[in-house]
Every structure is written in structure tokens, then in C-alpha cells.
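The block underneath contains the structure these notes are about, expressed in C-alpha cells.
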Amino acid sequence: MFDHDHRDTSDDLVLEARRSASPSSTDPRAERPKAPTADAPVGLLERPEQPTVERPGAPPKPEGEEHGGAGQTRKRILRRHPIATIFGLLFLAVVGAGGYLYWDNAAYFESTDDAFIAARQFSIEPHVAGYITAVPVTDNEHVKTGDVIARIDDRDYRAALEQAEAQVAAAQASVRNVDGEMAVQQAQIDANQAQVNQAQANQELARVTWGRDKPLVNQGWATAQQGTIDVQNLKALQAAVENAEATLKLAQRQIETLNAQRATAEANVKQAEAQRDLAQLNLSYTTVVADQPGRVVNLSAAVGEYVSAGTALSIFVPDDIWVTANFKETQLDHMRPGEPATIEIDAYPDRDFRGRVASVEPGSGTAFSLLPAENATGNYVKIVQRVPVKIVMDDPPTDIALGPGMSVDPTVRVDPDPSLYERLKADAEQWRSEP
């Protein structure tokens with residue numbers, strides 16, 4: 001800011017410059033402005049140029065600025081900064097080429113951040129009731145197939161098993177008893193059959209005797225008494241045959257009864273064996289084991305706790321996990337099962353995991369929800385739907401903990417052909433590998 005004396009000095013200099021630049025009124029050589037003529041229009045008459053007075057301290061005006069314009073400005077920039085201009089143009093070319101490579105390479109992939117790890121986790125529950133005697137696992141521990149998770153007091157179930165085994169033994173003894181009776185009865189049948197055979201032989205002998213004595217009696221060579229004896233003997237022996245046959249039939253009927261008793265005894269054996277197997281199964285239920293490898297999560301079982309059948313002891317997360325990626329329906333045009341995928345897990349950003357598309361759900365996520373959308377009612381607004389896609393890992397890691405609900409960013413390669421960037425990269429690697 002100038003002070004008062006400085007402003008006065010500046011004004012005096014300006015006035016002096018104006019007086020020296022203007023023609024003197026006393027100078028006879030000073031040209032006076034010409035009057036307008038009829039040949040020249042008034043607007044085209046030349047006006048005397050006024051000298052430009054520069055204020056002291058003002059920066060000098062660059063040459064050529066009086067002609068102004070964007071073209072002159074660009075030329076001036078190019079003349080003053082040629083190297084920066086060249087580098088700027090090179091930078092724009094590099095950015096444009098890189099943008100094209102990125103756009104071309106991105107067309108070969110489909111990715112989404114609406115994805116998470118999924119698994120068929122379930123609750124571990126005992127099948128029988130009792131007091132817990134041991135819990136050999138802890139929270140978040142990884143177990144293998146057959147590893148013990150909890151033990152329940154098995155004394156009652158062992159006693160029940162012994163009782164069932166005793167019932168099986170008793171039923172089997174009943175079967176053997178019936179078998180013995182059947183053997184005895186079969187011997188009786190054989191004896192009765194022998195009696196029938198003997199009675200039939202005696203009957204045949206009596207018939208032959210009567211057949212021989214009958215002509216003699218008729219001709220008087222034998223007495224009538226002899227004939228009567230022969231006839232009565234024949235009738236008696238025939239009755240003996242019928243009696244023996246009836247006894248044989250009775251013995252045979254008895255064997256049928258014994259067969260029915262044996263069938264009942266065998267049924268009792270099977271029932272006792274089923275009870276024994278059930279008791280043995282209940283005894284095995286007192287040891288809660290893992291049916292597949294996985295992790296024990298949210299463990300609530302404690303030693304001394306009484307649990308009933310169906311009480312939740314823990315949550316079990318199997319090792320069989322996958323990724324559920326909710327892609328937009330506009331991204332599924334070229335997505336097919338078997339296509340490779342790259343999985344980035346938010347919990348482990350420095351590691352990449354490989355996988356492949358297992359299946360694409362035949363419907364959007366809302367179609368299988370508890371309350372599906374009803375687009376036929378009310379005002380309809382079209383919204384791009386999300387479709388769940390199942391992606392399985394080729395080699396799930398075992399050194400880190402992965403569980404359901406963890407966020408991932410999968411990228412699926414939908415075009416197997418190499419992109420321009422990949423071709424250039426392969427050519428560069430091949431060029432570096434060559435001697």
C-alpha cells in the first residue's frame with residue numbers, strides 16, 4: 001500500500017507524460033484533425049492514436065497480447081513449456097492405452113462383492129438323556145471323523161443292554177426247548193408208524209388165513225368155528241390198523257403244534273434281539289462323536305450337566321464349505337458351471353484362492369425367500385435381481401479359519417480366450433525368458 005506522498009508523485013508523473021505526448025496548442029506544426037469529407041464515411045475516419053501510459057510498477061505487457069485468443073495462448077504455452085507439453089501428451093497416451101487394456105481385460109470377467117462363505121452347519125444334540133461326564137473338546141477346535149465331543153453317563157444304558165441280552169438268551173433257550181420236544185415227538189411219530197406197519201402186516205396175515213380156510217369151511221373140511229375165528233381175527237386186526245393210524249395222525253398233529261411253538265419262540269428271539277440292539281444303540285449314543293471333519297463352535301456342554309434328548313450341546317461347522325455369490329442377473333449371460341474363479345476373502349486380503357462355478361440357482365434369491373415378491377399386485381418397478389451362484393474352492397486352506405458368513409469378492413472368468421493384456425504379458429514374459 002502506497003503512502004500519500006508516493007500517490008502524489010505518481011499522479012504528477014502521469015500528468016507530465018500526458019502533456020509531453022499530446023501536441024502543443026502553440027506549435028504551428030501540430031496537425032489538426034481533418035474535417036470529414038463526403039468521400040469518407042464518418043465512422044471510418046482515422047482517429048489519432050492515443051499514447052499508452054504505463055503506470056509505474058505495472059508489469060510489462062507481453063508481445064502479441066493485443067491480438068489475444070486461445071490459439072495465441074496455446075502457441076505461447078508450447079513455446080514456453082515444450083518439454084512439459086510432450087510429457088503431458090505422453091501421459092495422456094499412456095493413460096488412454098491403460099484404460100483400454102483395463103476395459104478390454106474386465107470384459108472377460110464378472111465379479112461381485114455381494115458374496116459370502118456358506119456351509120451346512122448344524123446343532124449337535126444327544127439322542128439320549130443323562131449326565132455329562134466328559135467334554136474332551138473346546139471352543140472352535142477342529143475335530144476329525146470319530147473324535148469324541150461329549151460323553152454321557154452310560155451305567156443305566158449298560159444295565160439295559162445286559163437285561164436285553166438276557167432276554168435274548170431266554171428266547172433262544174425256548175427255541176431249543178421246542179426243538180427238543182419236536183425231536184421227541186418225531187421219535188413218537190416213528191414209533192406210531194411202526195405200529196401201523198405191524199398192524200397192517202397182521203391184518204394181511206389174517207386176510208390170507210381166512211382166504212385159505214374159507215373154502216375148507218364151505219366144503220366141510222374145516223369146522224364152522226374155525227371160519228368164525230378167522231373172520232373175527234381179521235376184523236380185530238383191521239381195527240388195530242385203524243387205531244395205529246389214528247395214533248400216528250395224532251402224533252403228526254402234535255408236531256405241527258410244536259412247529260407253531262417254535263415259530264413263536266423264534267419271534268420272541270427276534271424281538272429280544274431287537275431290544276438288545278436298541279439298548280446297544282442307546283449305549284453308543286452316550287458317546288457323542290463327530291460324523292465328519294469340522295469345527296466345534298459355540299460349545300455349551302459342561303461336565304455334570306444333565307441333558308435330555310435334543311438338547312443343543314454345540315454348533316458344528318463342517319469343512320465342506322463353499323461361496324454363495326449373488327450376481328446380478330445381467331451378469332449370467334456367459335456364466336456356466338465349471339468356469340474358473342478367483343476368490344478374495346476380506347479376512348485374508350493378502351491371499352488369493354482358486355475355485356470354480358459349481359451351479360447357478362434356477363431362480364432369484366427373492367423367489368425362495370419366506371415372503372416372495374408379488375409383482376402382479378400394486379405398482380410394478382423393475383429391479384435387477386440377484387441370483388445365487390455356488391462356487392466351490394479347489395483346495396480349501398487348512399491353516400486358517402473359514403466359516404459361514406465371511407465376506408468374499410469372487411471373480412469368475414466367463415471368457416476362456418486370453419485378453420489383450422494377457423497376450424501382451426505372455427509375450428513380455430516369453431521375451432524375458434529368451435537368452
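Note on naming: chains are A, B, ... as they come in the C-alpha cells, residues start from 1 per chain, ligands start from 1 in the order shown.
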
Residue set, range 118-209 of chain A restricted to alpha helix (DSSP H), as a ChimeraX atom specification
/A:155-209

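If you count only C-alpha atoms and ignore residues fewer than 5 places along the chain from Ala265 in chain A, what sits within 8 Å of it is Ala171, Gln172, Ser174, Val175 and Val178 of chain A.
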
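Counting only C-alpha atoms, the residue from A:Ala107, A:Val94, A:Ala118, A:Val389 that sits nearest to Asp415 in chain A is A:Ala107.
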
Show me, as an NGL selection string, the residues that have an atom within 9 Å of Pro410 in chain A when counting only C-alpha atoms, minus same-chain residues fewer than 5 positions from it.
:A and (110-115 or 323 or 325 or 341-345 or 391)

Can those selected residues be exported to a file as a PDB file, in the first residue's frame so that it contains C-alpha atoms?
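Saved to selection29.pdb:
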```pdb
ATOM      1  CA  GLU A 110     -17.588 -60.982 -13.833  1.00  0.00           C
ATOM      2  CA  SER A 111     -17.237 -60.073 -10.173  1.00  0.00           C
ATOM      3  CA  THR A 112     -19.414 -59.064  -7.242  1.00  0.00           C
ATOM      4  CA  ASP A 113     -18.970 -58.017  -3.640  1.00  0.00           C
ATOM      5  CA  ASP A 114     -22.344 -59.469  -2.617  1.00  0.00           C
ATOM      6  CA  ALA A 115     -20.878 -62.857  -1.677  1.00  0.00           C
ATOM      7  CA  VAL A 323     -19.055 -69.466  -1.646  1.00  0.00           C
ATOM      8  CA  ALA A 325     -22.141 -65.237  -4.767  1.00  0.00           C
ATOM      9  CA  ALA A 341     -12.978 -68.274 -10.319  1.00  0.00           C
ATOM     10  CA  THR A 342     -10.652 -66.238  -8.129  1.00  0.00           C
ATOM     11  CA  ILE A 343     -11.789 -65.680  -4.549  1.00  0.00           C
ATOM     12  CA  GLU A 344     -10.617 -62.812  -2.362  1.00  0.00           C
ATOM     13  CA  ILE A 345     -11.565 -63.124   1.303  1.00  0.00           C
ATOM     14  CA  ILE A 391     -18.594 -71.503  -6.128  1.00  0.00           C
TER      15      ILE A 391
END
```

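The nearest approach to Asp190 in chain A among the residues A:His127, A:Lys235, A:Lys249, A:Lys382, with only C-alpha atoms taken into account, belongs to A:Lys249.
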
How would you write, as number ranges by chain, the set of residues in range 114-164 of chain A that DSSP gives as strand (DSSP E or B)?
A: 115-119, 122-124, 130-134, 142-143, 148-152

As a check of understanding: the span from CA of Gln203 in chain A to CA of Thr247 in chain A is 17.1 Å

Give me, as an MDAnalysis selection string, all polymer residues having an atom no more than 9 Å from range 144-160 of chain A, counting only C-alpha atoms and skipping those fewer than 6 positions away in the same chain.
chainID A and resid 126 128:138 276 279:280 282:296 301:303 306:307 313

Take the residues from that selection and write them out as a CSV table (one decimal), in the first residue's frame, keeping N, CA and C atoms.
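For reference, out-v4.csv as written:
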```csv
chain,number,residue,atom,x,y,z
A,126,PRO,N,-27.6,-84.7,21.7
A,126,PRO,CA,-27.6,-86.1,22.1
A,126,PRO,C,-28.9,-86.8,21.8
A,128,VAL,N,-29.9,-89.5,23.7
A,128,VAL,CA,-30.4,-90.0,24.9
A,128,VAL,C,-30.1,-89.0,26.0
A,129,ALA,N,-30.8,-89.2,27.1
A,129,ALA,CA,-30.7,-88.3,28.3
A,129,ALA,C,-29.7,-88.8,29.3
A,130,GLY,N,-29.1,-87.9,30.1
A,130,GLY,CA,-28.2,-88.3,31.1
A,130,GLY,C,-27.3,-87.2,31.5
A,131,TYR,N,-26.4,-87.5,32.5
A,131,TYR,CA,-25.5,-86.5,33.0
A,131,TYR,C,-24.2,-86.6,32.1
A,132,ILE,N,-23.7,-85.4,31.8
A,132,ILE,CA,-22.4,-85.4,31.0
A,132,ILE,C,-21.3,-85.7,31.9
A,133,THR,N,-20.4,-86.6,31.5
A,133,THR,CA,-19.3,-87.0,32.3
A,133,THR,C,-17.9,-86.5,31.8
A,134,ALA,N,-17.9,-86.1,30.5
A,134,ALA,CA,-16.6,-85.6,29.9
A,134,ALA,C,-17.0,-84.8,28.7
A,135,VAL,N,-16.2,-83.7,28.5
A,135,VAL,CA,-16.2,-82.9,27.3
A,135,VAL,C,-14.8,-82.7,26.8
A,136,PRO,N,-14.3,-83.6,26.0
A,136,PRO,CA,-12.8,-83.5,25.6
A,136,PRO,C,-12.5,-82.5,24.6
A,137,VAL,N,-13.4,-81.6,24.1
A,137,VAL,CA,-13.1,-80.6,23.1
A,137,VAL,C,-13.4,-79.2,23.7
A,138,THR,N,-12.9,-78.2,23.0
A,138,THR,CA,-13.1,-76.8,23.5
A,138,THR,C,-13.6,-76.0,22.3
A,276,ARG,N,-32.2,-105.8,22.4
A,276,ARG,CA,-30.8,-105.8,22.7
A,276,ARG,C,-30.1,-104.8,21.8
A,279,ALA,N,-30.9,-101.3,22.9
A,279,ALA,CA,-30.1,-101.0,24.1
A,279,ALA,C,-28.7,-100.7,23.8
A,280,GLN,N,-28.1,-101.5,22.9
A,280,GLN,CA,-26.7,-101.3,22.5
A,280,GLN,C,-26.6,-100.0,21.7
A,282,ASN,N,-28.5,-97.3,22.1
A,282,ASN,CA,-28.6,-96.2,23.1
A,282,ASN,C,-27.3,-96.1,23.9
A,283,LEU,N,-26.7,-97.2,24.2
A,283,LEU,CA,-25.4,-97.2,24.9
A,283,LEU,C,-24.4,-96.4,24.0
A,284,SER,N,-24.4,-96.7,22.7
A,284,SER,CA,-23.5,-96.0,21.8
A,284,SER,C,-23.8,-94.5,21.7
A,285,TYR,N,-25.1,-94.1,21.9
A,285,TYR,CA,-25.4,-92.7,21.9
A,285,TYR,C,-24.9,-91.9,23.1
A,286,THR,N,-24.4,-92.6,24.1
A,286,THR,CA,-23.9,-91.9,25.3
A,286,THR,C,-22.5,-91.3,24.9
A,287,THR,N,-21.9,-91.7,23.8
A,287,THR,CA,-20.7,-91.1,23.3
A,287,THR,C,-21.0,-90.3,22.1
A,288,VAL,N,-21.0,-89.0,22.2
A,288,VAL,CA,-21.3,-88.1,21.1
A,288,VAL,C,-20.0,-87.9,20.3
A,289,VAL,N,-20.0,-88.3,19.0
A,289,VAL,CA,-18.8,-88.2,18.2
A,289,VAL,C,-19.1,-87.4,17.0
A,290,ALA,N,-18.1,-86.9,16.3
A,290,ALA,CA,-18.2,-86.1,15.1
A,290,ALA,C,-18.3,-87.1,13.9
A,291,ASP,N,-19.4,-86.9,13.1
A,291,ASP,CA,-19.6,-87.8,11.9
A,291,ASP,C,-18.8,-87.3,10.7
A,292,GLN,N,-18.2,-86.1,10.7
A,292,GLN,CA,-17.4,-85.6,9.6
A,292,GLN,C,-16.4,-84.6,10.2
A,293,PRO,N,-15.4,-84.3,9.5
A,293,PRO,CA,-14.4,-83.3,10.0
A,293,PRO,C,-15.0,-81.9,9.9
A,294,GLY,N,-14.7,-81.1,10.9
A,294,GLY,CA,-15.2,-79.8,11.0
A,294,GLY,C,-14.7,-79.1,12.3
A,295,ARG,N,-15.4,-78.0,12.7
A,295,ARG,CA,-15.1,-77.2,13.9
A,295,ARG,C,-16.2,-77.2,14.8
A,296,VAL,N,-15.9,-77.2,16.1
A,296,VAL,CA,-16.9,-77.1,17.2
A,296,VAL,C,-17.0,-75.6,17.5
A,301,ALA,N,-21.9,-77.4,26.3
A,301,ALA,CA,-21.9,-78.6,27.1
A,301,ALA,C,-20.9,-78.4,28.3
A,302,ALA,N,-21.2,-78.9,29.5
A,302,ALA,CA,-20.3,-78.8,30.6
A,302,ALA,C,-20.5,-80.1,31.4
A,303,VAL,N,-19.4,-80.5,32.0
A,303,VAL,CA,-19.4,-81.7,32.9
A,303,VAL,C,-20.3,-81.6,34.0
A,306,TYR,N,-27.0,-82.1,33.3
A,306,TYR,CA,-28.0,-83.1,32.8
A,306,TYR,C,-28.6,-82.6,31.5
A,307,VAL,N,-28.6,-83.4,30.5
A,307,VAL,CA,-29.1,-83.1,29.2
A,307,VAL,C,-30.2,-84.1,28.9
A,313,LEU,N,-25.8,-79.1,22.3
A,313,LEU,CA,-24.5,-79.1,23.0
A,313,LEU,C,-23.5,-78.1,22.3
```
